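The file upload-v7.cif contains mmCIF, C-alpha atoms:
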data_my_file
loop_
_atom_site.label_atom_id
_atom_site.label_comp_id
_atom_site.auth_asym_id
_atom_site.auth_seq_id
_atom_site.Cartn_x
_atom_site.Cartn_y
_atom_site.Cartn_z
CA MET A 1 2.93 -9.20 22.24
CA THR A 2 -0.46 -8.62 23.86
CA ASP A 3 -2.77 -5.85 22.79
CA THR A 4 -3.70 -3.90 25.92
CA THR A 5 -6.28 -1.82 24.02
CA ALA A 6 -8.26 -4.94 23.15
CA ILE A 7 -8.09 -6.12 26.79
CA LEU A 8 -9.34 -2.72 27.99
CA LYS A 9 -12.15 -2.92 25.42
CA SER A 10 -13.11 -6.26 26.96
CA PHE A 11 -13.21 -4.55 30.35
CA ALA A 12 -15.55 -1.89 28.93
CA LEU A 13 -17.71 -4.58 27.33
CA GLY A 14 -17.79 -6.51 30.61
CA SER A 15 -18.89 -3.36 32.43
CA ALA A 16 -21.60 -2.83 29.79
CA VAL A 17 -22.80 -6.38 30.46
CA GLY A 18 -22.82 -5.54 34.18
CA VAL A 19 -24.96 -2.46 33.55
CA ALA A 20 -27.33 -4.47 31.35
CA LEU A 21 -27.65 -7.14 34.05
CA GLN A 22 -28.95 -4.47 36.43
CA VAL A 23 -32.12 -4.44 34.39
CA SER A 24 -32.96 -7.99 35.47
CA ALA A 25 -31.75 -7.44 39.05
CA ALA A 26 -34.12 -7.03 41.98
CA ALA A 27 -35.38 -3.50 42.57
CA ASN A 28 -34.35 -3.26 46.24
CA VAL A 29 -30.60 -3.77 45.63
CA HIS A 30 -28.38 -1.10 47.17
CA PHE A 31 -26.43 1.21 44.83
CA SER A 32 -23.03 0.09 46.16
CA ASP A 33 -23.93 -3.54 45.38
CA ARG A 34 -24.96 -2.56 41.88
CA ALA A 35 -21.68 -0.68 41.36
CA LEU A 36 -19.77 -3.67 42.70
CA THR A 37 -21.58 -5.97 40.26
CA VAL A 38 -20.66 -3.70 37.32
CA LEU A 39 -17.02 -3.63 38.43
CA ALA A 40 -16.99 -7.41 38.91
CA CYS A 41 -18.41 -7.87 35.41
CA GLY A 42 -15.73 -5.50 34.10
CA ALA A 43 -13.07 -7.57 35.86
CA VAL A 44 -14.47 -10.75 34.33
CA GLY A 45 -14.39 -9.01 30.93
CA LEU A 46 -10.77 -8.08 31.57
CA VAL A 47 -9.86 -11.71 32.31
CA ILE A 48 -11.80 -12.96 29.26
CA GLY A 49 -10.06 -10.33 27.11
CA ALA A 50 -6.62 -11.31 28.39
CA VAL A 51 -7.27 -15.03 27.83
CA THR A 52 -8.72 -14.36 24.35
CA GLU A 53 -5.76 -12.17 23.39
CA TRP A 54 -3.33 -14.83 24.56
CA LEU A 55 -5.18 -17.60 22.71
CA THR A 56 -5.47 -15.63 19.48
CA SER A 57 -1.83 -14.56 19.56
CA LEU A 58 -1.00 -18.26 19.15
CA LEU A 59 -2.88 -18.42 15.84
CA PRO A 60 -0.61 -18.30 12.78
CA ILE A 61 -1.30 -15.33 10.53
CA ARG A 62 -1.04 -17.53 7.42
CA ILE A 63 -4.58 -18.77 8.14
CA ALA A 64 -5.89 -15.18 8.10
CA ARG A 65 -9.19 -15.01 6.22
CA THR A 66 -12.06 -12.64 6.89
CA ALA A 67 -14.51 -15.47 7.61
CA VAL A 68 -11.98 -17.28 9.80
CA TYR A 69 -11.33 -14.12 11.81
CA PHE A 70 -14.99 -13.44 12.53
CA LEU A 71 -15.76 -17.10 13.20
CA ILE A 72 -12.92 -17.53 15.70
CA ASN A 73 -13.53 -14.12 17.26
CA ASN A 74 -17.22 -14.74 17.82
CA LEU A 75 -16.77 -18.37 18.84
CA ILE A 76 -14.14 -17.64 21.48
CA ALA A 77 -16.05 -14.64 22.85
CA VAL A 78 -19.42 -16.38 23.00
CA VAL A 79 -18.17 -19.72 24.37
CA VAL A 80 -15.83 -18.22 26.96
CA SER A 81 -18.38 -15.61 28.07
CA ALA A 82 -21.22 -18.14 28.27
CA VAL A 83 -19.12 -20.57 30.33
CA VAL A 84 -17.84 -17.86 32.68
CA THR A 85 -21.33 -16.37 33.14
CA ALA A 86 -22.86 -19.80 33.78
CA VAL A 87 -20.15 -20.59 36.34
CA LEU A 88 -20.71 -17.24 38.08
CA VAL A 89 -24.47 -17.70 38.17
CA ALA A 90 -24.03 -21.27 39.49
CA SER A 91 -21.50 -20.15 42.10
CA ALA A 92 -24.00 -17.57 43.35
CA SER A 93 -26.13 -20.55 44.44
CA ALA A 94 -28.61 -19.85 41.66
CA ASN A 95 -29.93 -22.35 39.15
CA VAL A 96 -28.44 -21.67 35.70
CA LEU A 97 -31.35 -23.45 34.08
CA ASP A 98 -34.05 -21.37 35.72
CA ARG A 99 -35.54 -18.40 33.92
CA SER A 100 -33.41 -15.61 35.39
CA GLY A 101 -30.15 -17.60 35.16
CA LEU A 102 -30.79 -18.45 31.54
CA MET A 103 -31.79 -14.88 30.79
CA SER A 104 -28.50 -13.62 32.22
CA VAL A 105 -26.48 -16.00 30.04
CA LEU A 106 -28.52 -15.10 26.96
CA LEU A 107 -28.16 -11.37 27.68
CA VAL A 108 -24.37 -11.72 27.88
CA ILE A 109 -24.27 -13.69 24.62
CA ALA A 110 -26.51 -11.11 22.91
CA ILE A 111 -24.23 -8.23 23.98
CA ILE A 112 -21.14 -10.13 22.78
CA CYS A 113 -22.84 -10.79 19.42
CA VAL A 114 -23.75 -7.09 19.05
CA ALA A 115 -20.12 -6.15 19.81
CA ASN A 116 -18.94 -8.57 17.11
CA LEU A 117 -21.50 -7.16 14.70
CA GLY A 118 -19.96 -3.75 15.38
CA ASP A 119 -16.55 -5.24 14.60
CA PHE A 120 -17.93 -6.53 11.28
CA LEU A 121 -19.35 -3.10 10.43
CA LEU A 122 -15.89 -1.61 11.07
CA TYR A 123 -14.46 -4.17 8.65
CA ARG A 124 -17.03 -3.14 6.00
CA ARG A 125 -16.18 0.52 6.62
CA ALA A 126 -12.47 -0.20 6.14
CA GLN A 127 -13.18 -1.83 2.75
CA ARG A 128 -15.30 1.16 1.70
CA ARG A 129 -12.55 3.56 2.77
CA LEU A 130 -10.00 1.52 0.82
CA HIS A 131 -12.10 1.75 -2.34
CA ALA A 132 -12.61 5.49 -1.79
CA VAL A 133 -8.84 6.01 -1.43
CA GLN A 134 -8.23 3.90 -4.54
CA ALA A 135 -10.73 6.00 -6.50
CA THR A 136 -8.98 9.18 -5.34
CA LEU A 137 -5.60 7.78 -6.38
CA ALA A 138 -6.98 6.78 -9.79
CA VAL A 139 -8.31 10.28 -10.37
CA ALA A 140 -5.06 11.86 -9.17
CA THR A 141 -2.92 9.82 -11.58
CA ALA A 142 -5.36 9.68 -14.54
CA GLY A 143 -4.13 12.92 -16.09
CA ASP A 144 -0.50 12.45 -15.13
CA PRO A 145 1.60 11.77 -18.26
CA GLU A 146 4.39 10.21 -16.19
CA GLN A 147 1.96 7.69 -14.71
CA ASN A 148 0.54 6.82 -18.13
CA GLY A 149 3.72 6.04 -20.02
CA GLY A 150 4.06 9.60 -21.30
CA LEU A 151 0.62 9.76 -22.84
CA PRO A 152 -1.63 12.35 -21.22
CA GLY A 153 -4.89 10.77 -20.21
CA GLY A 154 -3.81 7.47 -21.71
CA MET B 155 5.18 26.84 -19.11
CA VAL B 156 5.24 30.49 -18.03
CA GLN B 157 4.00 33.46 -20.00
CA LEU B 158 5.20 36.98 -19.29
CA VAL B 159 3.12 40.16 -19.47
CA CYS B 160 5.41 43.03 -18.58
CA SER B 161 7.62 45.82 -19.87
CA PRO B 162 10.37 44.90 -22.40
CA ASP B 163 13.09 45.79 -19.93
CA LEU B 164 11.69 43.57 -17.20
CA ARG B 165 10.98 40.81 -19.71
CA ALA B 166 14.66 40.61 -20.58
CA ARG B 167 15.64 40.27 -16.94
CA LEU B 168 12.94 37.72 -16.14
CA GLU B 169 13.80 35.64 -19.20
CA ARG B 170 17.44 35.55 -18.14
CA GLU B 171 16.65 34.59 -14.54
CA LEU B 172 14.03 31.97 -15.41
CA ALA B 173 16.21 30.40 -18.08
CA ALA B 174 18.98 30.03 -15.52
CA HIS B 175 16.59 27.87 -13.46
CA ASP B 176 15.28 25.86 -16.43
CA VAL B 177 11.82 27.38 -16.23
CA GLU B 178 10.22 27.12 -19.64
CA LEU B 179 8.79 30.27 -21.22
CA GLY B 180 6.11 30.47 -23.86
CA THR B 181 2.42 31.02 -24.42
CA GLY B 182 1.18 27.68 -23.06
CA ASN B 183 -0.69 29.75 -20.50
CA ARG B 184 -0.02 27.44 -17.57
CA TRP B 185 1.02 30.41 -15.43
CA VAL B 186 1.18 34.08 -16.32
CA LEU B 187 3.44 36.57 -14.60
CA VAL B 188 1.85 39.98 -14.88
CA GLU B 189 3.62 43.18 -13.96
CA ARG B 190 1.30 45.47 -12.00
CA GLY B 191 -0.39 47.92 -14.34
CA TYR B 192 -0.65 45.47 -17.23
CA GLU B 193 -3.84 43.65 -18.15
CA VAL B 194 -4.31 40.25 -16.52
CA PRO B 195 -5.22 37.57 -19.10
CA VAL B 196 -8.43 35.63 -18.49
CA GLY B 197 -8.65 31.84 -18.19
CA CYS B 198 -5.31 30.98 -16.60
CA PRO B 199 -3.70 31.44 -13.21
CA ALA B 200 -1.74 34.67 -12.93
CA ILE B 201 0.75 36.16 -10.50
CA VAL B 202 0.63 39.93 -10.39
CA PHE B 203 3.81 41.51 -9.06
CA ASP B 204 5.52 44.86 -8.68
CA ALA B 205 8.51 45.42 -10.93
CA LEU B 206 10.74 45.83 -7.89
CA ASP B 207 9.76 42.39 -6.58
CA PHE B 208 10.53 40.46 -9.75
CA MET B 209 13.20 38.35 -8.00
CA ASP B 210 10.63 37.21 -5.43
CA VAL B 211 8.47 35.92 -8.27
CA VAL B 212 11.44 34.06 -9.73
CA ARG B 213 12.17 32.44 -6.35
CA LEU B 214 8.51 31.48 -5.95
CA LEU B 215 8.40 29.81 -9.35
CA VAL B 216 11.70 28.00 -8.91
CA ALA B 217 10.60 26.66 -5.51
CA GLY B 218 7.43 25.31 -7.14
CA VAL B 219 9.37 23.66 -9.94
CA ARG B 220 11.77 22.04 -7.49
CA GLU B 221 8.85 20.72 -5.44
CA GLN B 222 7.35 19.17 -8.55
CA HIS B 223 10.65 17.58 -9.49
CA GLY B 224 11.02 16.27 -5.92
CA ALA B 225 7.93 14.11 -6.30
CA VAL B 226 9.45 11.80 -8.88
CA ARG B 227 6.77 9.34 -9.85
CA SER B 228 8.91 6.84 -11.67
CA VAL B 229 12.00 4.87 -10.87
CA VAL B 230 14.56 2.89 -12.84
CA GLY B 231 14.52 -0.79 -11.98
CA GLN B 232 17.11 -3.40 -12.76
CA ARG B 233 16.10 -6.90 -13.74
CA GLY B 234 19.16 -9.01 -14.46
CA SER B 235 21.19 -6.97 -16.90
CA ALA B 236 18.21 -5.00 -18.21
CA PHE B 237 16.95 -1.66 -16.97
CA VAL B 238 13.26 -0.73 -16.98
CA VAL B 239 11.41 2.46 -16.07
CA LEU B 240 8.73 1.72 -13.50
CA THR B 241 5.96 4.18 -12.74
CA ALA B 242 4.76 4.36 -9.14
CA ARG B 243 1.34 3.16 -10.23
CA GLU B 244 2.61 -0.16 -11.55
CA VAL B 245 4.64 -0.91 -8.43
CA VAL B 246 2.57 -3.24 -6.23
CA TYR B 247 4.91 -3.02 -3.27
CA LEU B 248 8.50 -2.23 -2.38
CA GLU B 249 10.48 -4.38 -0.01
CA ALA B 250 13.89 -4.45 1.58
CA ALA B 251 15.43 -7.72 0.42
CA ALA B 252 18.91 -9.20 0.74
CA GLU B 253 19.89 -7.74 -2.64
CA GLY B 254 18.57 -4.25 -1.75
CA ILE B 255 15.26 -2.51 -2.35
CA VAL B 256 13.06 -4.54 -4.67
CA ALA B 257 9.99 -3.25 -6.50
CA ARG B 258 7.36 -5.88 -7.10
CA THR B 259 5.27 -5.31 -10.21
CA ALA B 260 2.79 -7.48 -12.10
CA SER B 261 5.60 -8.57 -14.40
CA GLY B 262 8.21 -9.43 -11.81
CA ARG B 263 10.75 -8.09 -9.36
CA ASP B 264 13.14 -5.26 -10.10
CA ARG B 265 15.94 -3.92 -7.99
CA VAL B 266 15.67 -0.16 -7.47
CA ARG B 267 17.92 2.43 -5.92
CA GLY B 268 17.17 4.29 -2.69
CA THR B 269 15.82 3.34 0.68
CA LEU B 270 12.36 2.35 1.88
CA GLN B 271 12.26 5.53 3.95
CA HIS B 272 12.91 7.60 0.83
CA TYR B 273 9.96 6.03 -1.02
CA GLU B 274 7.83 6.16 2.12
CA VAL B 275 8.22 9.95 2.15
CA SER B 276 8.29 10.79 -1.54
CA TRP B 277 5.56 8.34 -2.63
CA ALA B 278 3.21 8.83 0.34
CA GLY B 279 0.95 11.02 -1.78
CA LEU B 280 0.77 8.28 -4.39
CA GLY B 281 -0.80 5.79 -1.99
CA PHE B 282 2.31 4.07 -0.64
CA VAL B 283 2.07 3.08 3.02
CA ARG B 284 4.64 1.35 5.22
CA ILE B 285 3.08 -1.88 6.54
CA ASN B 286 6.00 -3.49 8.34
CA ARG B 287 9.72 -2.98 8.80
CA SER B 288 10.57 -4.20 5.33
CA GLN B 289 7.59 -3.51 3.08
CA LEU B 290 5.83 -0.51 1.58
CA VAL B 291 2.55 -1.25 -0.20
CA ASN B 292 0.73 0.62 -2.94
CA LEU B 293 -2.88 0.90 -1.71
CA ALA B 294 -4.08 1.01 -5.31
CA HIS B 295 -3.26 -2.71 -5.61
CA VAL B 296 -4.88 -3.86 -2.37
CA ARG B 297 -8.02 -5.91 -2.95
CA GLU B 298 -9.01 -6.57 0.64
CA ILE B 299 -7.98 -5.68 4.16
CA VAL B 300 -8.33 -8.79 6.30
CA PRO B 301 -8.54 -8.02 10.02
CA TRP B 302 -6.57 -10.28 12.33
CA PHE B 303 -6.03 -10.63 16.05
CA ASN B 304 -3.62 -8.53 18.13
CA SER B 305 -4.29 -5.40 16.01
CA ARG B 306 -2.74 -6.88 12.90
CA TYR B 307 -4.04 -7.00 9.34
CA VAL B 308 -3.35 -8.98 6.22
CA LEU B 309 -3.56 -7.18 2.89
CA ARG B 310 -4.78 -9.34 0.03
CA LEU B 311 -3.41 -7.95 -3.20
CA ALA B 312 -4.91 -7.98 -6.68
CA GLY B 313 -2.55 -10.76 -7.76
CA GLY B 314 -3.56 -12.98 -4.82
CA GLU B 315 -0.42 -12.27 -2.83
CA GLU B 316 -0.80 -11.51 0.89
CA LEU B 317 1.21 -9.07 2.99
CA GLU B 318 1.17 -8.75 6.75
CA VAL B 319 0.59 -5.41 8.42
CA SER B 320 2.43 -5.48 11.74
CA LYS B 321 0.88 -4.07 14.89
CA THR B 322 3.39 -1.20 14.90
CA TYR B 323 2.48 -0.08 11.39
CA ALA B 324 -1.27 -0.86 11.59
CA LYS B 325 -1.81 2.66 12.93
CA ARG B 326 -0.26 4.15 9.79
CA LEU B 327 -2.58 2.08 7.60
CA ARG B 328 -5.61 3.15 9.63
CA SER B 329 -4.44 6.75 9.44
CA ALA B 330 -3.94 6.54 5.65
CA LEU B 331 -7.45 5.15 5.23
CA LYS B 332 -8.90 7.43 7.93
CA ILE B 333 -10.49 4.53 9.79
#
If you took the structure in this file and wrote it as structure tokens, what would it be?
Amino acid sequence: MTDTTAILKSFALGSAVGVALQVSAAANVHFSDRALTVLACGAVGLVIGAVTEWLTSLLPIRIARTAVYFLINNLIAVVVSAVVTAVLVASASANVLDRSGLMSVLLVIAIICVANLGDFLLYRRAQRRLHAVQATLAVATAGDPEQNGGLPGG
Amino acid sequence: MVQLVCSPDLRARLERELAAHDVELGTGNRWVLVERGYEVPVGCPAIVFDALDFMDVVRLLVAGVREQHGAVRSVVGQRGSAFVVLTAREVVYLEAAAEGIVARTASGRDRVRGTLQHYEVSWAGLGFVRINRSQLVNLAHVREIVPWFNSRYVLRLAGGEELEVSKTYAKRLRSALKI
């Protein structure tokens, strides 16, 4: 089962990349072209998201480890995004290895890394929330005789 | 424990009504029922009522007692031919197995009566969250929440065991943790 939310997030991230790429674009570009670029980037993000979701759905959950998750997540996102961006830059008759082409690829990778960093911060927040809930539960049951084998506070 | 501060006539009626509903009377000062016009004791919660409304007070108390009894925090488990009393806190998770509902504790597996849905409702306040169609986990025993792809999670428990949180029930986990 694919996760449409994650695919839509990829679209949003792709659009964000498109907006960021406008910074390095020429100043005399028409607004409609800029909007088209952002939408195209969003569409690329959508495709990358769909491919990533499909690939990761094949991974067995028995290998689930925090480090494995973040490694695979970042690796797939960075590699796929870098390849797709390089192909797009090359197909636009530009040289990937020149300064602006390389900058575009690096910008995309940087944005992907920041998004993954955000994902990691959410993970840390979840652990903190878990510990907070556990502390609340411990306090709630500490004075409960039934929870302490009949001994109040025991 | 309920203490009464009222006229002798009303006391007799209240004692009769409360005894009929197994509400304990005494001076433990957990709750005090005070008839209007009498002095309210200091240092304990009190319900002040008019003599004419004494049956409303009885109903209020009985409803509270029933609610407390509804949240049973222990369960009788069966392991082989032996029966053990398990408190909610020591249950790591509950699962629907072939032999019925099984409570997993640090010391083993015990068959318990009831349904997962029953425990999901009555033990929700004790940190029990449904994580997939057949398992209900006690958050107090979760050591780590491992994120996984396709909106799934794996819960690593204190004993090293791992449970999968399905995509359908991941929302409930996030809601329970407010994340």
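The gap separating CA of Phe208 (chain B) from CA of Arg167 (chain B) is 8.8 Å, in Å to one decimal.
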For chain B, which residues have at least one atom within 7 Å of chain A, if we go by all atoms listed in the file? Write them as a count of residues only, please. 18
Taking the file above as input, evaluate the PyMOL selection byres ((chain B and resi 248-252) around 8) and report the hits as a PyMOL selection string. chain B and resi 245-247+253-258+270+288-291
Surrounding residues of region 34-50 of chain A excluding itself and chain neighbours under 2 positions, 12 Å, all atoms listed in the file, as a count of residues only: 56
Using CA of Gly314 (chain B) and CA of Thr259 (chain B) as the two end points, give the distance in Å to one decimal.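 CA of Thr259 (chain B) lies 12.9 Å from CA of Gly314 (chain B).
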Compile the contact shell of Leu311 (chain B) as a compact mmCIF listing (two decimals) with C-alpha atoms, keeping the file's coordinate frame: residues with an atom at most 8 Å away, counting only C-alpha atoms, same-chain residues fewer than 5 positions apart removed.
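Dumped everything to part.txt:
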# COMPACT_ATOMS: atom_id res chain seq x y z
CA HIS B 295 -3.26 -2.71 -5.61
CA VAL B 296 -4.88 -3.86 -2.37
CA ARG B 297 -8.02 -5.91 -2.95
CA GLU B 298 -9.01 -6.57 0.64
CA GLU B 316 -0.80 -11.51 0.89
CA LEU B 317 1.21 -9.07 2.99
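The neighbours of region 181-198 of chain B here are the residues that come within 12 Å of it, using all atoms listed in the file and leaving out any residue fewer than 6 positions away in the same chain; they are Met155, Val156, Gln157, Leu158, Val159, Cys160, Ser161, Pro162, Asp163, Leu164, Arg165, Leu168, Glu169, Leu172, Asp204, Ala205, Leu206, Asp207, Phe208, Met209, Asp210, Val211, Val212, Leu214, Leu215 and Gly218 of chain B.
Coordinates place CA of Glu318 (chain B) at a distance of 7.5 Å from CA of Arg306 (chain B).
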I need the output of the PyMOL selection byres ((chain B and resi 274-277) around 8) for this file as a list in words; which residues are they? Gly224, Ala225, Val226, Arg227, Ala242, Leu270, Gln271, His272, Tyr273, Ala278, Gly279, Leu280, Gly281, Phe282, Val283, Arg284 and Leu290 of chain B
